[in-house]
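The structure appears right after this line, and notes come after that.
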Amino acid sequence: MGIIEKMRLDGRSIFVTGGARGIGKSVATAFAEAGADLAIVDVDIEEAKKTAAELAEKNNVKTIAIKTDVTDPVQVDAMVKEVVDTYGKLDAAFCNAGICINVSAEEMTFEQWKKVIDINLTGVFLTAQAAGKQMLKQGKGSIINTASMSGHIVNVPQPQCAYNASKAGVIQLTKSMAVEWAKKGVRVNCISPGYIGTDLINSDENLKPLIEKWNAMAPMGRLGKPEELQAVCVYLAGDASSFTTGSDFVVDGAFTCF
Ligand code: NDP
């Protein structure tokens with residue numbers, strides 16, 4: 001089989017958390033264009049339904065939308081069951097839902113800390129664990145977690161200690177699961193994007209004045225676009241990446257190089 005064929009995902013069953021918008025929607029679009037059947041998973045079910053309908057219509061694939069809060073193990077298990085009941089299997093999982101709260105370390109409340117860690121780290125653990133259990137039964141599967149360049153560096157000037165800690169946790173969680181499951185056919189990798197122009201950044205009025213500062217620090221002088229994360233995720237989801245596990249793919253336009 002040639003490399004282009006190996007990059008195809010025809011008939012694969014994949015769920016995407018945080019799939020309604022932003023990076024999740026963009027990567028889900030790429031999975032659909034590569035032929036995969038999808039579950040768009042999000043707390044915002046109305047937007048998830050719209051995304052699912054749009055991707056099915058444009059790409060002639062099957063899609064469903066599932067309302068799930070990734071911090072709730074009962075909802076996460078039910079979500080994976082629904083995906084497997086619908087498509088008969090789970091080939092890949094994109095554990096991507098995440099949030100950021102910018103507050104200085106000394107002013108951060110316990111609730112703010114817990115919310116970020118619960119969604120970004122515990123949520124990725126719960127979704128990757130539930131996906132992994134199904135994939136271990138199948139003897140095959142690929143999990144992609146969304147970390148961040150914030151797992152490698154401390155972003156400035158905005159204070160975001162909980163976010164940075166959560167993303168460093170995602171990178172090490174990814175490697176730990178990859179090692180545990182390497183001989184069992186289940187691969188686990190993560191992506192570490194730099195600043196990407198999505199709602200997470202664009203809808204936060206406090207962050208808008210910072211974009212110019214970030215761009216001044218960025219070797220490429222600009223934010224990334226969600227579609228610039230698509231190819232690496234399609235590669236990781238399918239058979240082209242059969243020897244790739246425990247890897248963290250930094251896609252940041254060289255932001256973390258110096
Ligand atoms: P968006 O805010 O655009 O999208 C995130 C989606 O996740 C939203 O639809 C959101 O729903 C949903 N979501 C939030 N909490 C939960 C939850 N508990 N359960 C299920 N879904 C939830 O963010 P991005 O697309 O920018 O970010 C996606 C991922 O990429 C995150 O993990 C983020 O940390 C990471 N990332 C983003 C970067 C960036 O610059 N944008 C850079 C590096 C990493 P709702 O809006 O209703 O809350």
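A note on labels: chains of the structure tokens are A, B, ... as shown, every chain counts residues from 1, and ligands are counted from 1 in their shown order.
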Given 8 Å and only C-alpha atoms and all ligand atoms, residues near ligand 1 as a PyMOL selection string: chain A and resi 17-25+41-44+47-48+67-71+96-100+118-120+123+146-150+163+167+192-201+223-224+226
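These are the residues of segment 41-110 of chain A assigned strand (DSSP E) by DSSP from backbone coordinates: Val41, Asp42, Thr63, Ile64, Ala65, Ile66, Lys67, Ala92, Ala93, Phe94 and Cys95 of chain A.
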Please save C-alpha atoms of the selected residues as a tab-separated table (two decimals), in the first residue's frame.
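Output (result.tsv):
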```
chain	number	residue	atom	x	y	z
A	41	VAL	CA	-18.29	15.28	21.15
A	42	ASP	CA	-18.79	18.55	23.04
A	63	THR	CA	-21.46	11.52	11.73
A	64	ILE	CA	-23.16	11.72	15.11
A	65	ALA	CA	-23.06	14.42	17.78
A	66	ILE	CA	-22.80	13.45	21.46
A	67	LYS	CA	-23.17	15.81	24.42
A	92	ALA	CA	-9.02	6.59	16.73
A	93	ALA	CA	-9.74	9.17	19.42
A	94	PHE	CA	-8.84	12.86	19.45
A	95	CYS	CA	-8.93	13.92	23.12
```
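Minimum atom-to-atom distance to Ile4 of chain A, evaluated using only C-alpha atoms, belongs to A:Asp239 out of A:Asp204, A:Asp239, A:Glu54, A:Asp85.
Checking A:Ala178, A:Phe249, A:Thr244, A:Ile45 one by one against Cys190 of chain A, counting only C-alpha atoms, you find the shortest gap at A:Phe249.
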Among the residues of segment 41-257 of chain A, find those DSSP assigns to helix (DSSP H, G or I) from the backbone and print them as a PyMOL selection string. chain A and resi 45-59+73-87+110-138+149-151+161-184+199-202+208-217+226-237+239-241+255-257
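Among the candidate residues A:Lys114, A:Lys89, A:Lys183, A:Arg8, the one lying nearest to Ile101 of chain A is A:Lys114, with distances computed using only C-alpha atoms.
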With only C-alpha atoms as the counted atoms, please give the residues lying no more than 12 Å from Met108 of chain A, apart from itself and same-chain residues fewer than 4 positions off, as a list in words. Ile101, Asn102, Val103, Ser104, Gln112, Trp113, Lys114, Lys115, Val116, Pro159, Gln160, Cys161, Ala162 and Tyr163 of chain A
